[in-house]
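K.L.:
Coordinates in upload-v6.cif, mmCIF, C-alpha atoms, are listed below.
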data_coords
#
loop_
_atom_site.label_atom_id
_atom_site.label_comp_id
_atom_site.auth_asym_id
_atom_site.auth_seq_id
_atom_site.Cartn_x
_atom_site.Cartn_y
_atom_site.Cartn_z
CA MET A 16 18.88 -65.47 82.91
CA PRO A 17 22.49 -65.05 84.08
CA SER A 18 23.11 -65.85 87.72
CA GLN A 19 23.24 -62.81 90.00
CA PRO A 20 26.01 -62.17 92.56
CA LYS A 21 25.09 -63.08 96.11
CA PRO A 22 24.11 -60.18 98.36
CA THR A 23 26.39 -59.10 101.13
CA LYS A 24 25.09 -57.24 104.18
CA ILE A 25 27.22 -54.27 105.23
CA ILE A 26 26.89 -51.51 107.76
CA GLY A 27 26.48 -47.96 106.43
CA PRO A 28 26.10 -48.95 102.73
CA TRP A 29 25.92 -45.34 101.44
CA HIS A 30 29.19 -44.23 103.01
CA ARG A 31 31.09 -45.85 100.14
CA PHE A 32 29.01 -44.10 97.49
CA LEU A 33 29.30 -40.79 99.30
CA GLY A 34 33.07 -41.14 99.48
CA ALA A 35 33.26 -42.05 95.80
CA THR A 36 31.14 -39.06 94.86
CA LEU A 37 33.30 -36.71 96.92
CA SER A 38 36.48 -38.14 95.36
CA LEU A 39 35.06 -37.63 91.89
CA GLY A 40 34.08 -34.05 92.73
CA LEU A 41 37.58 -33.22 93.99
CA LEU A 42 39.21 -34.69 90.88
CA LEU A 43 36.97 -32.85 88.46
CA ALA A 44 36.96 -29.47 90.24
CA PRO A 45 39.87 -28.01 88.25
CA PHE A 46 37.96 -28.41 85.01
CA ALA A 47 34.83 -26.56 86.09
CA ALA A 48 35.85 -23.27 84.50
CA GLU A 49 37.27 -24.81 81.35
CA ALA A 50 34.83 -27.54 80.36
CA ASP A 51 31.36 -26.20 81.08
CA ASP A 52 31.50 -27.37 84.73
CA VAL A 53 31.80 -31.06 83.71
CA TYR A 54 34.57 -33.35 82.65
CA ARG A 55 34.03 -35.31 79.46
CA LEU A 56 35.65 -38.71 79.31
CA GLY A 57 37.92 -39.70 76.46
CA VAL A 58 39.98 -42.51 75.02
CA MET A 59 42.67 -43.82 77.43
CA ASP A 60 40.90 -42.53 80.55
CA LYS A 61 41.02 -45.21 83.25
CA LEU A 62 37.87 -45.45 85.36
CA ARG A 63 37.27 -47.04 88.75
CA ILE A 64 33.78 -48.51 88.78
CA ARG A 65 31.83 -49.80 91.76
CA VAL A 66 28.31 -51.19 91.52
CA ALA A 67 25.96 -52.03 94.35
CA GLU A 68 22.26 -52.62 94.78
CA TRP A 69 20.22 -51.84 97.87
CA GLN A 70 17.72 -54.55 98.75
CA PRO A 71 15.11 -53.12 101.09
CA ALA A 72 13.62 -56.49 102.00
CA GLU A 73 16.92 -57.76 103.34
CA GLU A 74 18.14 -54.36 104.44
CA ALA A 75 21.43 -55.18 102.80
CA VAL A 76 23.57 -53.88 99.98
CA LYS A 77 24.45 -56.34 97.24
CA ASN A 78 27.89 -55.61 95.80
CA TRP A 79 28.47 -56.46 92.15
CA ASP A 80 32.06 -57.51 92.75
CA ALA A 81 32.32 -59.18 89.36
CA LEU A 82 31.67 -55.80 87.73
CA SER A 83 33.56 -53.51 90.09
CA GLY A 84 37.15 -52.66 89.19
CA ASP A 85 39.30 -50.47 86.98
CA TYR A 86 38.58 -50.15 83.26
CA SER A 87 40.08 -48.15 80.44
CA ILE A 88 38.20 -46.50 77.62
CA GLY A 89 39.36 -48.14 74.43
CA PRO A 90 40.27 -46.63 71.07
CA SER A 91 36.67 -46.87 69.95
CA GLY A 92 35.58 -44.72 72.90
CA ALA A 93 33.78 -47.61 74.63
CA LEU A 94 34.11 -49.43 77.93
CA SER A 95 34.05 -53.21 77.83
CA LEU A 96 32.24 -54.42 81.00
CA PRO A 97 31.16 -57.84 82.24
CA PHE A 98 27.46 -58.63 81.72
CA ILE A 99 27.07 -55.36 79.80
CA GLY A 100 29.54 -55.57 76.95
CA ASP A 101 30.63 -52.40 75.17
CA LEU A 102 29.30 -49.16 76.58
CA ASP A 103 29.94 -45.82 74.85
CA ALA A 104 31.84 -43.55 77.25
CA ALA A 105 33.89 -41.06 75.22
CA GLY A 106 32.35 -37.60 75.37
CA LYS A 107 30.16 -38.46 78.36
CA THR A 108 30.50 -37.40 81.96
CA PRO A 109 31.28 -39.95 84.70
CA ALA A 110 27.74 -39.45 86.03
CA GLU A 111 26.25 -40.26 82.63
CA VAL A 112 28.34 -43.42 82.38
CA ALA A 113 27.31 -44.43 85.91
CA ALA A 114 23.63 -43.96 85.03
CA ALA A 115 24.07 -45.95 81.82
CA ILE A 116 25.70 -48.83 83.72
CA GLY A 117 22.84 -48.98 86.22
CA ALA A 118 20.20 -48.84 83.48
CA ARG A 119 21.96 -51.51 81.40
CA LEU A 120 22.21 -53.86 84.44
CA GLN A 121 18.57 -53.37 85.32
CA ALA A 122 17.52 -54.15 81.77
CA THR A 123 19.87 -57.15 81.44
CA PHE A 124 18.85 -58.82 84.71
CA ALA A 125 15.25 -57.54 84.86
CA LEU A 126 15.93 -56.09 88.30
CA ARG A 127 13.19 -54.47 90.32
CA ASN A 128 15.56 -51.89 91.78
CA LEU A 129 18.00 -49.79 89.80
CA PRO A 130 21.60 -50.69 90.73
CA SER A 131 23.73 -47.77 91.83
CA ALA A 132 27.02 -47.33 89.99
CA SER A 133 29.90 -45.15 91.11
CA VAL A 134 32.30 -43.99 88.41
CA GLU A 135 35.43 -42.02 89.19
CA VAL A 136 38.50 -41.22 87.12
CA ALA A 137 41.33 -43.37 88.44
CA GLU A 138 43.83 -42.18 85.86
CA PHE A 139 43.34 -39.43 83.31
CA ARG A 140 44.36 -39.89 79.71
CA PRO A 141 47.83 -38.43 79.09
CA VAL A 142 48.87 -35.18 77.53
CA PHE A 143 51.34 -35.01 74.66
CA LEU A 144 54.19 -32.57 74.10
CA ALA A 145 55.61 -31.84 70.68
CA GLY A 146 58.06 -29.37 69.21
CA ASP A 147 60.98 -27.62 70.86
CA VAL A 148 61.05 -29.55 74.14
CA HIS A 149 63.92 -31.69 75.31
CA THR A 150 61.96 -34.97 75.37
CA PRO A 151 58.74 -34.86 73.31
CA GLY A 152 56.21 -37.55 73.98
CA GLU A 153 53.37 -38.75 76.20
CA TYR A 154 53.11 -37.68 79.85
CA PRO A 155 50.58 -38.45 82.58
CA PHE A 156 47.98 -35.82 83.33
CA SER A 157 47.29 -34.50 86.79
CA PRO A 158 44.78 -31.89 87.99
CA ASN A 159 45.94 -28.25 87.81
CA LEU A 160 48.49 -29.13 85.12
CA THR A 161 49.60 -26.05 83.18
CA VAL A 162 51.63 -25.63 80.00
CA LEU A 163 54.74 -24.68 81.98
CA LYS A 164 54.41 -27.74 84.24
CA ALA A 165 53.96 -29.99 81.23
CA VAL A 166 57.06 -28.53 79.56
CA SER A 167 59.03 -29.18 82.74
CA LEU A 168 57.87 -32.83 82.65
CA ALA A 169 59.40 -33.02 79.16
CA GLY A 170 62.75 -31.77 80.49
CA GLY A 171 62.24 -28.13 79.57
CA LEU A 172 63.07 -26.51 76.26
CA ARG A 173 65.23 -28.41 73.81
CA ARG A 174 68.91 -27.96 74.54
CA SER A 175 72.04 -29.02 72.74
CA ASP A 176 74.31 -31.82 73.83
CA SER A 177 77.20 -31.08 76.13
CA GLY A 178 80.13 -29.48 74.36
CA GLN A 179 78.12 -27.93 71.54
CA ARG A 180 78.16 -24.14 71.19
CA PHE A 181 74.74 -23.29 69.76
CA ALA A 182 73.98 -20.95 72.65
CA ARG A 183 77.24 -19.08 71.99
CA ASP A 184 76.38 -18.83 68.30
CA PHE A 185 72.99 -17.40 69.21
CA ILE A 186 74.57 -14.84 71.55
CA ASN A 187 77.02 -13.69 68.86
CA ALA A 188 74.35 -13.49 66.19
CA ARG A 189 71.98 -11.73 68.56
CA GLY A 190 74.62 -9.13 69.47
CA GLU A 191 75.36 -8.45 65.81
CA MET A 192 71.64 -8.18 65.11
CA VAL A 193 71.35 -5.38 67.69
CA VAL A 194 74.12 -3.46 65.93
CA TYR A 195 72.69 -4.15 62.48
CA ASP A 196 69.18 -3.12 63.53
CA SER A 197 70.53 0.18 64.86
CA GLN A 198 72.50 0.82 61.67
CA ARG A 199 69.52 -0.08 59.52
CA ALA A 200 67.26 2.32 61.40
CA ARG A 201 69.77 5.14 60.85
CA LEU A 202 70.08 4.33 57.15
CA ILE A 203 66.31 4.29 56.74
CA ALA A 204 66.08 7.69 58.44
CA ARG A 205 68.84 9.02 56.17
CA HIS A 206 67.02 7.64 53.12
CA ALA A 207 63.86 9.46 54.21
CA ARG A 208 65.82 12.71 54.62
CA LEU A 209 67.41 12.42 51.18
CA THR A 210 64.00 11.75 49.65
CA ALA A 211 62.65 14.91 51.28
CA GLU A 212 65.65 16.93 50.05
CA MET A 213 65.33 15.66 46.49
CA THR A 214 61.60 16.36 46.30
CA GLY A 215 61.84 19.70 48.08
CA ALA A 216 59.54 18.59 50.92
CA ALA A 217 59.43 20.82 53.99
CA GLU A 218 59.40 17.88 56.44
CA ILE A 219 60.62 14.29 56.57
CA THR A 220 57.87 11.67 56.40
CA MET A 221 58.18 8.92 59.03
CA PRO A 222 58.98 5.65 57.16
CA LYS A 223 56.78 2.65 57.95
CA GLU A 224 59.91 0.63 58.75
CA LEU A 225 60.60 2.92 61.72
CA GLU A 226 57.10 3.04 63.17
CA LYS A 227 57.93 0.31 65.71
CA VAL A 228 61.49 1.46 66.42
CA GLY A 229 61.86 2.95 69.88
CA ASN A 230 64.16 5.85 68.94
CA ALA A 231 62.50 6.60 65.61
CA SER A 232 61.48 10.13 66.64
CA ALA A 233 65.04 10.93 67.72
CA LEU A 234 66.46 9.62 64.44
CA ILE A 235 64.02 11.63 62.34
CA GLY A 236 64.66 14.69 64.53
CA SER A 237 68.41 14.39 63.96
CA GLU A 238 67.98 14.02 60.20
CA THR A 239 65.54 16.95 60.16
CA ALA A 240 68.11 19.17 61.87
CA LEU A 241 70.77 18.06 59.36
CA MET A 242 68.40 18.70 56.45
CA LYS A 243 67.65 22.21 57.72
CA GLN A 244 71.35 22.99 58.16
CA ARG A 245 72.25 21.77 54.67
CA ARG A 246 69.28 23.49 53.06
CA ASP A 247 69.98 26.78 54.84
CA ARG A 248 73.59 26.68 53.64
CA TYR A 249 72.47 25.92 50.08
CA GLU A 250 69.91 28.71 50.09
CA LEU A 251 72.45 31.16 51.54
CA GLN A 252 74.84 30.34 48.70
CA LEU A 253 72.07 30.88 46.17
CA LYS A 254 71.14 34.16 47.86
CA ALA A 255 74.76 35.33 47.83
CA LEU A 256 75.00 34.64 44.10
CA GLY A 257 71.73 36.46 43.56
CA ASN A 258 72.98 39.46 45.50
CA LEU A 259 76.21 39.47 43.50
CA LYS A 260 74.32 39.44 40.23
CA ALA A 261 72.07 42.27 41.41
CA LEU A 262 75.12 44.32 42.42
CA LEU A 263 76.83 43.72 39.09
CA ASP A 264 73.67 44.54 37.20
CA SER A 265 73.42 47.81 39.12
CA GLU A 266 77.05 48.52 38.28
CA VAL A 267 76.37 47.91 34.58
CA GLN A 268 73.43 50.27 34.65
CA SER A 269 75.53 52.93 36.42
CA LEU A 270 78.38 52.55 33.95
CA THR A 271 75.93 52.73 31.07
CA ARG A 272 74.54 56.02 32.35
CA LYS A 273 78.12 57.28 32.83
CA ALA A 274 78.96 56.26 29.29
CA GLU A 275 76.00 58.22 27.98
CA THR A 276 77.28 61.29 29.82
CA GLN A 277 80.77 60.78 28.44
CA ASN A 278 79.39 60.41 24.93
CA ARG A 279 77.66 63.76 25.22
CA GLN A 280 80.86 65.30 26.53
CA LEU A 281 82.76 63.70 23.63
CA ASP A 282 80.34 65.22 21.15
CA ILE A 283 80.85 68.63 22.70
CA ALA A 284 84.64 68.21 22.81
CA GLN A 285 84.78 67.08 19.19
CA GLU A 286 82.56 69.94 18.09
CA ASP A 287 84.73 72.39 20.03
CA ARG A 288 87.89 70.87 18.51
CA ASP A 289 86.49 71.16 15.01
CA LYS A 290 85.65 74.84 15.51
CA ILE A 291 89.11 75.63 16.88
CA SER A 292 90.68 73.68 14.05
CA ARG A 293 88.89 75.83 11.46
CA LEU A 294 89.84 79.02 13.29
CA SER A 295 93.45 77.85 13.47
CA GLU A 296 93.49 77.27 9.75
CA GLN A 297 92.29 80.84 9.26
CA GLY A 298 94.95 82.12 11.68
CA LEU A 299 92.31 83.20 14.18
CA ALA A 300 93.18 80.71 16.93
CA LEU A 301 96.38 79.71 18.63
CA SER A 302 97.80 76.26 18.09
CA SER A 303 97.97 75.78 21.87
CA ARG A 304 94.23 76.09 22.11
CA LEU A 305 93.81 73.50 19.40
CA LEU A 306 96.16 71.15 21.26
CA SER A 307 94.19 71.59 24.47
CA SER A 308 90.97 70.82 22.66
CA GLU A 309 92.42 67.66 21.17
CA GLU A 310 93.70 66.52 24.58
CA ARG A 311 90.25 67.02 26.05
CA THR A 312 88.71 64.98 23.25
CA ALA A 313 91.25 62.19 23.78
CA GLU A 314 90.64 62.16 27.53
CA VAL A 315 86.88 61.75 27.05
CA GLN A 316 87.48 58.95 24.54
CA SER A 317 89.82 57.27 27.02
CA ASN A 318 87.15 57.50 29.74
CA LEU A 319 84.62 55.98 27.40
CA LEU A 320 86.97 53.10 26.67
CA ASP A 321 87.45 52.46 30.40
CA ILE A 322 83.71 52.56 30.97
CA ASP A 323 83.11 50.10 28.14
CA THR A 324 85.81 47.83 29.58
CA ASN A 325 84.22 47.97 33.03
CA ILE A 326 80.78 47.24 31.60
CA LEU A 327 82.18 44.23 29.74
CA ARG A 328 83.95 43.00 32.88
CA ALA A 329 80.73 43.38 34.96
CA LYS A 330 78.72 41.48 32.34
CA GLN A 331 81.32 38.71 32.38
CA GLN A 332 81.03 38.52 36.16
CA ILE A 333 77.23 38.31 35.86
CA SER A 334 77.63 35.48 33.39
CA GLN A 335 80.03 33.73 35.77
CA ALA A 336 77.57 34.16 38.65
CA ASP A 337 74.83 32.61 36.49
CA GLN A 338 77.11 29.66 35.77
CA ASP A 339 78.01 29.34 39.46
CA GLU A 340 74.31 29.24 40.33
CA ILE A 341 73.68 26.54 37.74
CA ASN A 342 76.66 24.55 39.03
CA LEU A 343 75.48 24.96 42.62
CA ARG A 344 72.02 23.64 41.77
CA ASN A 345 73.44 20.76 39.74
CA ASP A 346 75.94 19.88 42.45
CA TRP A 347 73.13 19.91 45.02
CA GLN A 348 71.05 17.45 43.01
CA ALA A 349 74.06 15.32 42.07
CA GLN A 350 75.22 15.08 45.69
CA ARG A 351 71.73 14.09 46.82
CA ALA A 352 71.56 11.43 44.12
CA LYS A 353 74.99 10.07 45.05
CA ASP A 354 74.11 10.02 48.76
CA MET A 355 70.89 8.20 47.91
CA GLN A 356 72.75 5.57 45.87
CA ASP A 357 75.31 5.07 48.64
CA THR A 358 72.57 4.79 51.26
CA GLU A 359 70.60 2.25 49.21
CA ALA A 360 73.78 0.22 48.62
CA GLU A 361 74.53 0.22 52.37
CA LEU A 362 70.95 -0.80 53.12
CA GLU A 363 71.14 -3.66 50.65
CA LYS A 364 74.39 -4.89 52.15
CA LEU A 365 73.03 -4.55 55.67
CA ASN A 366 69.85 -6.45 54.79
CA LEU A 367 71.99 -9.32 53.49
CA GLN A 368 73.95 -9.32 56.74
CA ILE A 369 70.72 -9.28 58.75
CA GLY A 370 69.38 -12.19 56.69
CA THR A 371 72.55 -14.18 57.33
CA ASN A 372 72.34 -13.49 61.06
CA ARG A 373 68.69 -14.53 61.14
CA GLN A 374 69.65 -17.83 59.56
CA LEU A 375 72.40 -18.32 62.15
CA MET A 376 69.98 -17.55 64.98
CA ALA A 377 67.32 -19.84 63.51
CA GLU A 378 69.85 -22.65 63.22
CA ALA A 379 70.95 -22.13 66.81
CA LEU A 380 67.33 -22.19 67.99
CA ALA A 381 66.63 -25.29 65.93
CA GLN A 382 69.41 -27.07 67.80
CA SER A 383 68.82 -25.55 71.23
CA ALA A 384 65.63 -23.66 72.12
CA GLU A 385 67.22 -22.88 75.49
CA ALA A 386 69.32 -20.29 73.62
CA LEU A 387 66.30 -18.04 74.17
CA LYS A 388 67.37 -17.50 77.77
CA PHE A 389 70.19 -15.39 76.34
CA ASP A 390 67.61 -13.12 74.72
CA PRO A 391 65.54 -12.19 77.80
CA SER A 392 64.04 -9.13 76.14
CA GLY A 393 62.43 -11.30 73.49
CA GLY A 394 63.53 -8.74 70.95
CA SER A 395 64.55 -11.25 68.28
CA ALA A 396 63.03 -14.59 69.21
CA THR A 397 60.25 -16.04 71.29
CA ILE A 398 58.62 -19.29 72.34
CA ARG A 399 55.03 -19.81 71.22
CA TYR A 400 52.68 -22.30 72.83
CA SER A 401 49.51 -23.73 71.39
CA ILE A 402 47.11 -26.47 72.47
CA VAL A 403 45.44 -28.92 70.10
CA ARG A 404 42.22 -29.99 71.79
CA ASP A 405 39.38 -32.20 70.62
CA ASP A 406 36.14 -31.06 72.24
CA GLY A 407 34.02 -33.55 70.34
CA GLU A 408 33.76 -31.43 67.21
CA GLY A 409 37.18 -32.28 65.86
CA PRO A 410 40.64 -31.10 66.95
CA LYS A 411 41.18 -27.35 67.16
CA GLU A 412 44.39 -25.45 67.79
CA ILE A 413 44.21 -22.59 70.29
CA ALA A 414 46.87 -20.13 71.40
CA ALA A 415 48.22 -20.66 74.90
CA SER A 416 50.63 -19.26 77.44
CA GLU A 417 52.75 -20.82 80.18
CA THR A 418 49.88 -20.48 82.67
CA SER A 419 47.18 -22.00 80.44
CA ARG A 420 45.39 -24.91 82.13
CA LEU A 421 45.42 -28.25 80.36
CA LEU A 422 42.83 -30.96 79.93
CA PRO A 423 43.52 -34.66 79.53
CA GLY A 424 44.31 -35.59 75.95
CA ASP A 425 45.65 -32.13 75.05
CA VAL A 426 48.57 -31.88 72.65
CA ILE A 427 50.92 -29.02 73.59
CA LYS A 428 52.95 -27.61 70.70
CA VAL A 429 56.09 -25.68 71.65
CA THR A 430 57.67 -23.61 68.88
CA SER A 431 60.71 -21.36 69.01
CA GLU A 432 60.68 -18.73 66.29
CA LEU A 433 62.39 -15.54 65.25
CA LEU A 434 60.40 -12.34 65.23
CA MET A 435 60.38 -10.55 61.89
CA GLN A 436 60.86 -6.77 61.95
#
Turn the structure described in the file into structure tokens.
P.N.:
Amino acid sequence: MPSQPKPTKIIGPWHRFLGATLSLGLLLAPFAAEADDVYRLGVMDKLRIRVAEWQPAEEAVKNWDALSGDYSIGPSGALSLPFIGDLDAAGKTPAEVAAAIGARLQATFALRNLPSASVEVAEFRPVFLAGDVHTPGEYPFSPNLTVLKAVSLAGGLRRSDSGQRFARDFINARGEMVVYDSQRARLIARHARLTAEMTGAAEITMPKELEKVGNASALIGSETALMKQRRDRYELQLKALGNLKALLDSEVQSLTRKAETQNRQLDIAQEDRDKISRLSEQGLALSSRLLSSEERTAEVQSNLLDIDTNILRAKQQISQADQDEINLRNDWQAQRAKDMQDTEAELEKLNLQIGTNRQLMAEALAQSAEALKFDPSGGSATIRYSIVRDDGEGPKEIAASETSRLLPGDVIKVTSELLMQ
């Protein structure tokens, strides 16, 4: 059997264990809400271990000085301890490791009394920062560590070297994006109005692209007012042409009735002239009367000719009004089609400009994530945080914020990205 350490008599033997227990409780308190009220040990945790055995017969505490000290959990998740050898520790609580140490010592040395082990975390395993931070890498963990504190340990967000102008490039691109986004929203609203005009819809349908735009209702309201104004003008022109055709048609009907009257008068005048002509040939009528009858006949024929001319002119005007109506309708459709083509061409050009600006902003962010401070509204870009944590069932990535609490061994991923609209 291995030789046992010599006992040492001390005063107040349990004060040390009480103090160790209190220290462990204070260190693990921050994790109560996030790790089921216990802290699970992991690789690279450094533990401070003290072992003692109370011997009632001697009323003394025997310290296992050869075993007490600081130990780190190795890559395999085990502690390598004197007399005990490798002891699995990863995934266990400090209390479970302490109980295992006491049980292993009792079994190894066939002790009557169970040694008491105190295990406290002397140094937590580090956290790791990756992504858009100034100095990615490994950093020591401390209780109450949050994402924001960890990022500050890494020097904050990635920034460009002195003299480089990535922040300026981001500002310029961001300013142009604001202008382009406004222009694009107006073009989309105009496109929706032209679609409504071409299909004869009574109202403009809100495009999906504008559903998240703050002034979308105002844009659609403005286009609706313009559509109503243009449509009212178009319909008034059509109505005016319709009224003109109705007036001309009424004139034709009136002239036709007048022509019928004149034709009857012509028949009477011609009949009267023929009678007088026969009487004149027989010497029963004066030549002056015959002349008067012929003049009357000629006058009626002249009136009929004027009436026919006026009817023809009115019909020509009706035909011209019909052609004007056709031209008006065709011009309306042609203008809508041209406006639609122009709007779609402007949208295509603007989308290319927006794409170019997004690339410029992305490049600026890739070189200096601190450019985000020039976009305080977060309208075009943002910083996303996530934590990769292994809870014993394999690593899992969870979304996080600046105030998220960290656990030892966490990997914090910091990503700057553009928001797609």
K.L.:
Would you compute the distance between atom CA of A:Asp60 and atom CA of A:Val136? Give it in Å to one decimal.
P.N.:
7.1 Å
K.L.:
Have a look at atom CA of A:Leu163 and atom CA of A:Lys411 and let me know their distance in Å, one decimal.
P.N.:
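Separating atom CA of A:Leu163 from atom CA of A:Lys411 is a distance of 20.3 Å.
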K.L.:
With distances taken over all atoms listed in the file, which residue among A:Pro222, A:Gly424, A:Pro71, A:Pro97 lies nearest A:Leu234?
P.N.:
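The shortest atom-to-atom distance to A:Leu234 comes from A:Pro222.
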K.L.:
Using all atoms listed in the file, can you list as a short mmCIF file (atom, residue, chain, number, x, y, z; two decimals) with C-alpha atoms, in the frame of the given file the residues within 8 Å of (46.2, -30.6, 86.0)?
P.N.:
data_model
loop_
_atom_site.label_atom_id
_atom_site.label_comp_id
_atom_site.auth_asym_id
_atom_site.auth_seq_id
_atom_site.Cartn_x
_atom_site.Cartn_y
_atom_site.Cartn_z
CA PRO A 45 39.87 -28.01 88.25
CA PHE A 156 47.98 -35.82 83.33
CA SER A 157 47.29 -34.50 86.79
CA PRO A 158 44.78 -31.89 87.99
CA ASN A 159 45.94 -28.25 87.81
CA LEU A 160 48.49 -29.13 85.12
CA THR A 161 49.60 -26.05 83.18
CA ARG A 420 45.39 -24.91 82.13
CA LEU A 421 45.42 -28.25 80.36
CA LEU A 422 42.83 -30.96 79.93
#
K.L.:
Out of A:Asp337, A:Glu218, A:Glu73, A:Asp346, which residue has the shortest atom-to-atom distance to A:Glu238 when counting only C-alpha atoms?
P.N.:
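With only C-alpha atoms as the atom set, the closest residue is A:Glu218.
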K.L.:
Sort by chain and increasing residue number a table of all residues of stretch 99-195 of chain A within 9 Å of stretch 360-369 of chain A, each with its closest pair of atoms and their distance in Å to one decimal, counting only C-alpha atoms, and write it as JSON lines.
P.N.:
{"residue": "A:Glu191", "atom": "CA", "partner": "A:Ile369", "partner_atom": "CA", "distance": 8.5}
{"residue": "A:Met192", "atom": "CA", "partner": "A:Ile369", "partner_atom": "CA", "distance": 6.5}
{"residue": "A:Tyr195", "atom": "CA", "partner": "A:Ile369", "partner_atom": "CA", "distance": 6.6}
K.L.:
Quick check on the file I pasted: which residues fall under the PyMOL selection byres ((chain A and resi 284) around 8)? Write them as a VMD selection string.
P.N.:
chain A and resid 280 to 283 285 to 288 308 to 309 311 to 312
K.L.:
Within 8 Å of (77.5, 52.0, 27.2) (file coordinates; all atoms listed in the file), which protein or nucleic acid residues are there? I'd like them as a PDB file with C-alpha atoms, in the coordinates of the input.
P.N.:
ATOM      1  CA  LEU A 270      78.380  52.550  33.950  1.00  0.00           C
ATOM      2  CA  THR A 271      75.930  52.730  31.070  1.00  0.00           C
ATOM      3  CA  ARG A 272      74.540  56.020  32.350  1.00  0.00           C
ATOM      4  CA  LYS A 273      78.120  57.280  32.830  1.00  0.00           C
ATOM      5  CA  ALA A 274      78.960  56.260  29.290  1.00  0.00           C
ATOM      6  CA  GLU A 275      76.000  58.220  27.980  1.00  0.00           C
ATOM      7  CA  ILE A 322      83.710  52.560  30.970  1.00  0.00           C
ATOM      8  CA  ASP A 323      83.110  50.100  28.140  1.00  0.00           C
ATOM      9  CA  ILE A 326      80.780  47.240  31.600  1.00  0.00           C
TER      10      ILE A 326
END
K.L.:
I need the residue nearest A:Gly57 from this list: A:Leu253, A:Ala81, A:Leu94, A:Leu241. Use all atoms listed in the file for the distance.
P.N.:
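Smallest distance to A:Gly57 is found for A:Leu94.
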K.L.:
Between atom CA of A:Asp85 and atom CA of A:Gly100, measure the distance and give it in Å to one decimal.
P.N.:
14.9 Å
K.L.:
Might you spell out which residues the PyMOL selection byres ((chain A and resi 206) around 12) would select in the displayed file, as a PyMOL selection string?
P.N.:
chain A and resi 199-205+207-213+219-222+224-225+234-235+238-239+242+351-362
K.L.:
Please evaluate the PyMOL selection byres ((chain A and resi 256) around 8) against the structure above and give the resulting residues as a list in words.
P.N.:
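Listing what the PyMOL selection byres ((chain A and resi 256) around 8) selects in the shown file: Gln252, Leu253, Lys254, Ala255, Gly257, Asn258, Leu259, Lys260, Ala336, Asp337, Asp339 and Glu340 of chain A.
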K.L.:
Generate a file of the selected residues that holds C-alpha atoms, formatted as a PDB file, keeping the file's coordinate frame.
P.N.:
ATOM      1  CA  GLN A 252      74.840  30.340  48.700  1.00  0.00           C
ATOM      2  CA  LEU A 253      72.070  30.880  46.170  1.00  0.00           C
ATOM      3  CA  LYS A 254      71.140  34.160  47.860  1.00  0.00           C
ATOM      4  CA  ALA A 255      74.760  35.330  47.830  1.00  0.00           C
ATOM      5  CA  GLY A 257      71.730  36.460  43.560  1.00  0.00           C
ATOM      6  CA  ASN A 258      72.980  39.460  45.500  1.00  0.00           C
ATOM      7  CA  LEU A 259      76.210  39.470  43.500  1.00  0.00           C
ATOM      8  CA  LYS A 260      74.320  39.440  40.230  1.00  0.00           C
ATOM      9  CA  ALA A 336      77.570  34.160  38.650  1.00  0.00           C
ATOM     10  CA  ASP A 337      74.830  32.610  36.490  1.00  0.00           C
ATOM     11  CA  ASP A 339      78.010  29.340  39.460  1.00  0.00           C
ATOM     12  CA  GLU A 340      74.310  29.240  40.330  1.00  0.00           C
TER      13      GLU A 340
END
K.L.:
Mind checking which residues fall within 10 Å of A:Gln70, counting only C-alpha atoms, ignoring those fewer than 3 positions away in the same chain, and posting them as a ChimeraX atom specification?
P.N.:
/A:22,24,67,73-77,127-128,130
